[in-house]
Amino acid sequence: MNKPANPGRRFNWKLWAAVLALGMVLAVFFWLNATMPRLALFWIFGLALGFILQRSRFCFVSAVSNCFLFRDTRLLQGILGGLFIATLGFVFIMYRMVPDPTTGNIPLTAIISPFGWHLALGGLLFGSGMMLSGGCITGNLYRIGEGGLSALVAFFGIILGMGALQFTWPWWWENYISTLPAIWLPAKVGWVGAVAITLLVIILLFIIVRRIRAKTPATDHTPTSDARLSARFIGVVKLLFTKAWPLTLGGVVLGIMNVLLFQAAGRPWTVTGEIMSWAQGCFTFVGLPPPAFDAVPGT
């Protein structure tokens, strides 16, 4: 007589899907490393940054909206923590590029955009759009990976907006933006003064958001006791892949990753610049190639 199958041992398709995905990641990495080592570097950093964003539910618009709507400042604290770490790391990298910023030389890979009222207007419009779509660009990207159809619709709108920018950018640049000053703080007050001012602002903001008390209890994002690093291997796996990461930890790790990327690749982590390239490719594919224009700072 055959023994009944053990109902407690079922096929774990999620585990084998993860193993298959890891194998594909490694295969792509070794192939790129043999042909295009720089692209292999971006492949690993891109996967790592996306993984951290998804596990910590990191979203810039949620950080601000949660603070004002629900008095939940944990995500905003994570962003400030990441900015603190990135500031310390970036200053050492850029100092080697330009030891004396008062000469007027600016690091080629630094993102220093022309300063004017268009930044406030663009921030207001962009922030309103992010609120309507339910997340920032990075938030919508990892939600697409999770199967979110609404995020896919929002991303389609982002592509259209990027295309509109490319078709109108020559007019904006020639008639307004190119005449605005590109203010770089180290050139005004030196490296020490710039770092001191930046860190002081970050610390003050951190103190302010720490004092904002939540009116309603928020969802706990801290790992539970059964998923501590000191537990068994399965506990570590749950902590990394199934439990939500602490929000501040996500911000700090992203800051460290950004510093490492800046050091290894010579440029910091950006999102909109690459999406602009996608938009250009999409419009070119349908027979509407955008006109040539000067590169947007930071892209």
# chains A, B, ... in the order shown; residues from 1 in each chain; ligands from 1
>>> residues_around(residues="region 190-195 of chain A", least_positions_apart="2", cutoff="8 Å", atoms="only C-alpha atoms", output="number ranges by chain")
A: 87-88, 91, 95, 100-102, 185-188, 197-199
>>> closest_atom_pairs(of="region 9-73 of chain A", to="region 136-142 of chain A", cutoff="12 Å", atoms="only C-alpha atoms", output="Markdown table")
| residue | atom | partner | partner_atom | distance |
| --- | --- | --- | --- | --- |
| A:Gly46 | CA | A:Thr138 | CA | 11.8 |
| A:Leu47 | CA | A:Tyr142 | CA | 10.9 |
| A:Leu49 | CA | A:Thr138 | CA | 10.0 |
| A:Gly50 | CA | A:Tyr142 | CA | 6.9 |
| A:Phe51 | CA | A:Tyr142 | CA | 8.5 |
| A:Ile52 | CA | A:Tyr142 | CA | 10.1 |
| A:Leu53 | CA | A:Tyr142 | CA | 7.4 |
| A:Gln54 | CA | A:Tyr142 | CA | 5.9 |
| A:Arg55 | CA | A:Tyr142 | CA | 9.6 |
| A:Ser56 | CA | A:Gly139 | CA | 10.6 |
| A:Arg57 | CA | A:Gly139 | CA | 7.5 |
| A:Phe58 | CA | A:Gly139 | CA | 6.8 |
| A:Cys59 | CA | A:Gly139 | CA | 5.1 |
| A:Phe60 | CA | A:Cys136 | CA | 6.0 |
| A:Val61 | CA | A:Cys136 | CA | 5.5 |
| A:Ser62 | CA | A:Cys136 | CA | 7.8 |
| A:Ala63 | CA | A:Cys136 | CA | 10.0 |
| A:Val64 | CA | A:Cys136 | CA | 10.8 |
| A:Ser65 | CA | A:Cys136 | CA | 11.1 |
>>> write_last_selection(atoms="N, CA and C atoms", output="PDB file, in the first residue's frame")
ATOM      1  N   GLY A  46      22.404  48.659 -10.263  1.00  0.00           N
ATOM      2  CA  GLY A  46      20.982  48.866 -10.526  1.00  0.00           C
ATOM      3  C   GLY A  46      20.112  47.854  -9.809  1.00  0.00           C
ATOM      4  N   LEU A  47      20.515  46.587  -9.845  1.00  0.00           N
ATOM      5  CA  LEU A  47      19.765  45.556  -9.136  1.00  0.00           C
ATOM      6  C   LEU A  47      19.784  45.783  -7.630  1.00  0.00           C
ATOM      7  N   LEU A  49      20.248  48.657  -5.969  1.00  0.00           N
ATOM      8  CA  LEU A  49      19.449  49.831  -5.611  1.00  0.00           C
ATOM      9  C   LEU A  49      17.956  49.525  -5.718  1.00  0.00           C
ATOM     10  N   GLY A  50      17.559  48.815  -6.768  1.00  0.00           N
ATOM     11  CA  GLY A  50      16.151  48.452  -6.904  1.00  0.00           C
ATOM     12  C   GLY A  50      15.677  47.545  -5.789  1.00  0.00           C
ATOM     13  N   PHE A  51      16.513  46.604  -5.392  1.00  0.00           N
ATOM     14  CA  PHE A  51      16.162  45.695  -4.306  1.00  0.00           C
ATOM     15  C   PHE A  51      15.983  46.456  -2.992  1.00  0.00           C
ATOM     16  N   ILE A  52      16.906  47.373  -2.701  1.00  0.00           N
ATOM     17  CA  ILE A  52      16.813  48.148  -1.462  1.00  0.00           C
ATOM     18  C   ILE A  52      15.575  49.034  -1.475  1.00  0.00           C
ATOM     19  N   LEU A  53      15.286  49.671  -2.616  1.00  0.00           N
ATOM     20  CA  LEU A  53      14.099  50.519  -2.725  1.00  0.00           C
ATOM     21  C   LEU A  53      12.825  49.715  -2.463  1.00  0.00           C
ATOM     22  N   GLN A  54      12.748  48.527  -3.052  1.00  0.00           N
ATOM     23  CA  GLN A  54      11.533  47.732  -2.905  1.00  0.00           C
ATOM     24  C   GLN A  54      11.378  47.185  -1.497  1.00  0.00           C
ATOM     25  N   ARG A  55      12.453  46.700  -0.908  1.00  0.00           N
ATOM     26  CA  ARG A  55      12.348  46.088   0.418  1.00  0.00           C
ATOM     27  C   ARG A  55      12.058  47.128   1.506  1.00  0.00           C
ATOM     28  N   SER A  56      12.579  48.333   1.351  1.00  0.00           N
ATOM     29  CA  SER A  56      12.333  49.372   2.349  1.00  0.00           C
ATOM     30  C   SER A  56      11.136  50.244   1.991  1.00  0.00           C
ATOM     31  N   ARG A  57      10.463  49.945   0.850  1.00  0.00           N
ATOM     32  CA  ARG A  57       9.309  50.723   0.379  1.00  0.00           C
ATOM     33  C   ARG A  57       9.662  52.197   0.292  1.00  0.00           C
ATOM     34  N   PHE A  58      10.840  52.469  -0.273  1.00  0.00           N
ATOM     35  CA  PHE A  58      11.379  53.820  -0.294  1.00  0.00           C
ATOM     36  C   PHE A  58      10.714  54.616  -1.402  1.00  0.00           C
ATOM     37  N   CYS A  59      10.097  55.727  -1.058  1.00  0.00           N
ATOM     38  CA  CYS A  59       9.411  56.568  -2.024  1.00  0.00           C
ATOM     39  C   CYS A  59       9.485  58.003  -1.522  1.00  0.00           C
ATOM     40  N   PHE A  60      10.010  58.895  -2.342  1.00  0.00           N
ATOM     41  CA  PHE A  60      10.255  60.266  -1.899  1.00  0.00           C
ATOM     42  C   PHE A  60       8.960  61.039  -1.677  1.00  0.00           C
ATOM     43  N   VAL A  61       7.976  60.819  -2.531  1.00  0.00           N
ATOM     44  CA  VAL A  61       6.719  61.541  -2.338  1.00  0.00           C
ATOM     45  C   VAL A  61       5.988  61.032  -1.107  1.00  0.00           C
ATOM     46  N   SER A  62       6.097  59.733  -0.820  1.00  0.00           N
ATOM     47  CA  SER A  62       5.463  59.199   0.377  1.00  0.00           C
ATOM     48  C   SER A  62       6.095  59.766   1.642  1.00  0.00           C
ATOM     49  N   ALA A  63       7.387  60.045   1.591  1.00  0.00           N
ATOM     50  CA  ALA A  63       8.065  60.614   2.752  1.00  0.00           C
ATOM     51  C   ALA A  63       7.450  61.946   3.144  1.00  0.00           C
ATOM     52  N   VAL A  64       7.191  62.794   2.147  1.00  0.00           N
ATOM     53  CA  VAL A  64       6.629  64.120   2.418  1.00  0.00           C
ATOM     54  C   VAL A  64       5.143  64.027   2.737  1.00  0.00           C
ATOM     55  N   SER A  65       4.393  63.265   1.926  1.00  0.00           N
ATOM     56  CA  SER A  65       2.947  63.175   2.139  1.00  0.00           C
ATOM     57  C   SER A  65       2.613  62.510   3.469  1.00  0.00           C
TER      58      SER A  65
END
>>> atom_distance(atom1="CA of Pro290 (chain A)", atom2="CA of Phe167 (chain A)")
5.5 Å
>>> select_by_dssp(residues="region 152-218 of chain A", states="helix (DSSP H, G or I)", output="ChimeraX atom specification")
/A:152-175,177-179,185-211
>>> atom_distance(atom1="CA of Trp269 (chain A)", atom2="CA of Met257 (chain A)")
8.7 Å
>>> closest_residue(among="A:Leu249, A:Val271, A:Gly161, A:Leu288", to="Leu125 (chain A)", atoms="only C-alpha atoms")
A:Gly161
>>> closest_residue(among="A:Ile44, A:Pro99, A:Gln77, A:Val28", to="Pro246 (chain A)", atoms="only C-alpha atoms")
A:Gln77
>>> closest_residue(among="A:Ile158, A:Leu247, A:Ala265, A:Met276", to="Asp72 (chain A)", atoms="only C-alpha atoms")
A:Leu247
>>> residues_around(residues="Ile212 (chain A)", least_positions_apart="5", cutoff="9 Å", atoms="only C-alpha atoms", output="PyMOL selection string")
chain A and resi 67+71-73
>>> closest_residue(among="A:Leu200, A:Leu152, A:Met94, A:Leu121", to="Gly135 (chain A)", atoms="only C-alpha atoms")
A:Leu152
>>> decode(residues="region 66-90 of chain A", atoms="N, CA, C and O atoms", output="PDB file, in the first residue's frame")
ATOM      1  N   ASN A  66       3.354  61.462   3.849  1.00  0.00           N
ATOM      2  CA  ASN A  66       3.097  60.808   5.132  1.00  0.00           C
ATOM      3  C   ASN A  66       3.355  61.745   6.301  1.00  0.00           C
ATOM      4  O   ASN A  66       2.683  61.677   7.327  1.00  0.00           O
ATOM      5  N   CYS A  67       4.347  62.623   6.135  1.00  0.00           N
ATOM      6  CA  CYS A  67       4.669  63.570   7.201  1.00  0.00           C
ATOM      7  C   CYS A  67       3.523  64.557   7.405  1.00  0.00           C
ATOM      8  O   CYS A  67       3.118  64.825   8.546  1.00  0.00           O
ATOM      9  N   PHE A  68       2.970  65.103   6.320  1.00  0.00           N
ATOM     10  CA  PHE A  68       1.934  66.121   6.435  1.00  0.00           C
ATOM     11  C   PHE A  68       0.552  65.522   6.680  1.00  0.00           C
ATOM     12  O   PHE A  68      -0.264  66.108   7.399  1.00  0.00           O
ATOM     13  N   LEU A  69       0.273  64.363   6.083  1.00  0.00           N
ATOM     14  CA  LEU A  69      -1.066  63.799   6.180  1.00  0.00           C
ATOM     15  C   LEU A  69      -1.256  62.934   7.420  1.00  0.00           C
ATOM     16  O   LEU A  69      -2.324  62.959   8.046  1.00  0.00           O
ATOM     17  N   PHE A  70      -0.226  62.146   7.780  1.00  0.00           N
ATOM     18  CA  PHE A  70      -0.377  61.173   8.856  1.00  0.00           C
ATOM     19  C   PHE A  70       0.598  61.378  10.012  1.00  0.00           C
ATOM     20  O   PHE A  70       0.603  60.590  10.950  1.00  0.00           O
ATOM     21  N   ARG A  71       1.421  62.416   9.923  1.00  0.00           N
ATOM     22  CA  ARG A  71       2.432  62.669  10.963  1.00  0.00           C
ATOM     23  C   ARG A  71       3.381  61.491  11.126  1.00  0.00           C
ATOM     24  O   ARG A  71       3.911  61.254  12.214  1.00  0.00           O
ATOM     25  N   ASP A  72       3.594  60.755  10.068  1.00  0.00           N
ATOM     26  CA  ASP A  72       4.528  59.626  10.076  1.00  0.00           C
ATOM     27  C   ASP A  72       5.809  60.088   9.399  1.00  0.00           C
ATOM     28  O   ASP A  72       5.847  60.297   8.178  1.00  0.00           O
ATOM     29  N   THR A  73       6.864  60.259  10.164  1.00  0.00           N
ATOM     30  CA  THR A  73       8.096  60.860   9.649  1.00  0.00           C
ATOM     31  C   THR A  73       9.224  59.852   9.447  1.00  0.00           C
ATOM     32  O   THR A  73      10.344  60.247   9.160  1.00  0.00           O
ATOM     33  N   ARG A  74       8.942  58.575   9.578  1.00  0.00           N
ATOM     34  CA  ARG A  74      10.031  57.589   9.523  1.00  0.00           C
ATOM     35  C   ARG A  74      10.717  57.569   8.161  1.00  0.00           C
ATOM     36  O   ARG A  74      11.945  57.500   8.075  1.00  0.00           O
ATOM     37  N   LEU A  75       9.935  57.627   7.082  1.00  0.00           N
ATOM     38  CA  LEU A  75      10.537  57.600   5.755  1.00  0.00           C
ATOM     39  C   LEU A  75      11.318  58.881   5.483  1.00  0.00           C
ATOM     40  O   LEU A  75      12.396  58.849   4.874  1.00  0.00           O
ATOM     41  N   LEU A  76      10.808  60.011   5.958  1.00  0.00           N
ATOM     42  CA  LEU A  76      11.528  61.268   5.792  1.00  0.00           C
ATOM     43  C   LEU A  76      12.838  61.247   6.578  1.00  0.00           C
ATOM     44  O   LEU A  76      13.858  61.774   6.122  1.00  0.00           O
ATOM     45  N   GLN A  77      12.833  60.620   7.739  1.00  0.00           N
ATOM     46  CA  GLN A  77      14.072  60.459   8.494  1.00  0.00           C
ATOM     47  C   GLN A  77      15.066  59.591   7.739  1.00  0.00           C
ATOM     48  O   GLN A  77      16.274  59.847   7.758  1.00  0.00           O
ATOM     49  N   GLY A  78      14.556  58.560   7.049  1.00  0.00           N
ATOM     50  CA  GLY A  78      15.442  57.721   6.253  1.00  0.00           C
ATOM     51  C   GLY A  78      16.087  58.491   5.120  1.00  0.00           C
ATOM     52  O   GLY A  78      17.278  58.313   4.842  1.00  0.00           O
ATOM     53  N   ILE A  79      15.325  59.370   4.466  1.00  0.00           N
ATOM     54  CA  ILE A  79      15.886  60.188   3.395  1.00  0.00           C
ATOM     55  C   ILE A  79      16.954  61.123   3.941  1.00  0.00           C
ATOM     56  O   ILE A  79      18.034  61.281   3.343  1.00  0.00           O
ATOM     57  N   LEU A  80      16.687  61.750   5.076  1.00  0.00           N
ATOM     58  CA  LEU A  80      17.669  62.651   5.673  1.00  0.00           C
ATOM     59  C   LEU A  80      18.928  61.896   6.080  1.00  0.00           C
ATOM     60  O   LEU A  80      20.046  62.402   5.939  1.00  0.00           O
ATOM     61  N   GLY A  81      18.758  60.667   6.587  1.00  0.00           N
ATOM     62  CA  GLY A  81      19.921  59.855   6.923  1.00  0.00           C
ATOM     63  C   GLY A  81      20.749  59.521   5.698  1.00  0.00           C
ATOM     64  O   GLY A  81      21.989  59.571   5.728  1.00  0.00           O
ATOM     65  N   GLY A  82      20.066  59.203   4.590  1.00  0.00           N
ATOM     66  CA  GLY A  82      20.791  58.936   3.352  1.00  0.00           C
ATOM     67  C   GLY A  82      21.508  60.163   2.826  1.00  0.00           C
ATOM     68  O   GLY A  82      22.636  60.071   2.330  1.00  0.00           O
ATOM     69  N   LEU A  83      20.876  61.333   2.938  1.00  0.00           N
ATOM     70  CA  LEU A  83      21.522  62.574   2.507  1.00  0.00           C
ATOM     71  C   LEU A  83      22.748  62.885   3.353  1.00  0.00           C
ATOM     72  O   LEU A  83      23.759  63.384   2.845  1.00  0.00           O
ATOM     73  N   PHE A  84      22.671  62.603   4.649  1.00  0.00           N
ATOM     74  CA  PHE A  84      23.818  62.844   5.540  1.00  0.00           C
ATOM     75  C   PHE A  84      25.008  61.989   5.118  1.00  0.00           C
ATOM     76  O   PHE A  84      26.136  62.486   4.982  1.00  0.00           O
ATOM     77  N   ILE A  85      24.753  60.692   4.897  1.00  0.00           N
ATOM     78  CA  ILE A  85      25.826  59.780   4.485  1.00  0.00           C
ATOM     79  C   ILE A  85      26.373  60.175   3.115  1.00  0.00           C
ATOM     80  O   ILE A  85      27.597  60.216   2.899  1.00  0.00           O
ATOM     81  N   ALA A  86      25.470  60.483   2.163  1.00  0.00           N
ATOM     82  CA  ALA A  86      25.912  60.834   0.813  1.00  0.00           C
ATOM     83  C   ALA A  86      26.723  62.123   0.806  1.00  0.00           C
ATOM     84  O   ALA A  86      27.685  62.253   0.042  1.00  0.00           O
ATOM     85  N   THR A  87      26.352  63.085   1.653  1.00  0.00           N
ATOM     86  CA  THR A  87      27.107  64.337   1.712  1.00  0.00           C
ATOM     87  C   THR A  87      28.546  64.085   2.131  1.00  0.00           C
ATOM     88  O   THR A  87      29.492  64.619   1.526  1.00  0.00           O
ATOM     89  N   LEU A  88      28.737  63.274   3.163  1.00  0.00           N
ATOM     90  CA  LEU A  88      30.096  62.980   3.642  1.00  0.00           C
ATOM     91  C   LEU A  88      30.905  62.247   2.581  1.00  0.00           C
ATOM     92  O   LEU A  88      32.091  62.515   2.384  1.00  0.00           O
ATOM     93  N   GLY A  89      30.267  61.298   1.888  1.00  0.00           N
ATOM     94  CA  GLY A  89      30.992  60.543   0.874  1.00  0.00           C
ATOM     95  C   GLY A  89      31.282  61.357  -0.375  1.00  0.00           C
ATOM     96  O   GLY A  89      32.391  61.314  -0.919  1.00  0.00           O
ATOM     97  N   PHE A  90      30.286  62.143  -0.818  1.00  0.00           N
ATOM     98  CA  PHE A  90      30.462  62.923  -2.037  1.00  0.00           C
ATOM     99  C   PHE A  90      31.552  63.976  -1.896  1.00  0.00           C
ATOM    100  O   PHE A  90      32.272  64.268  -2.855  1.00  0.00           O
TER     101      PHE A  90
END
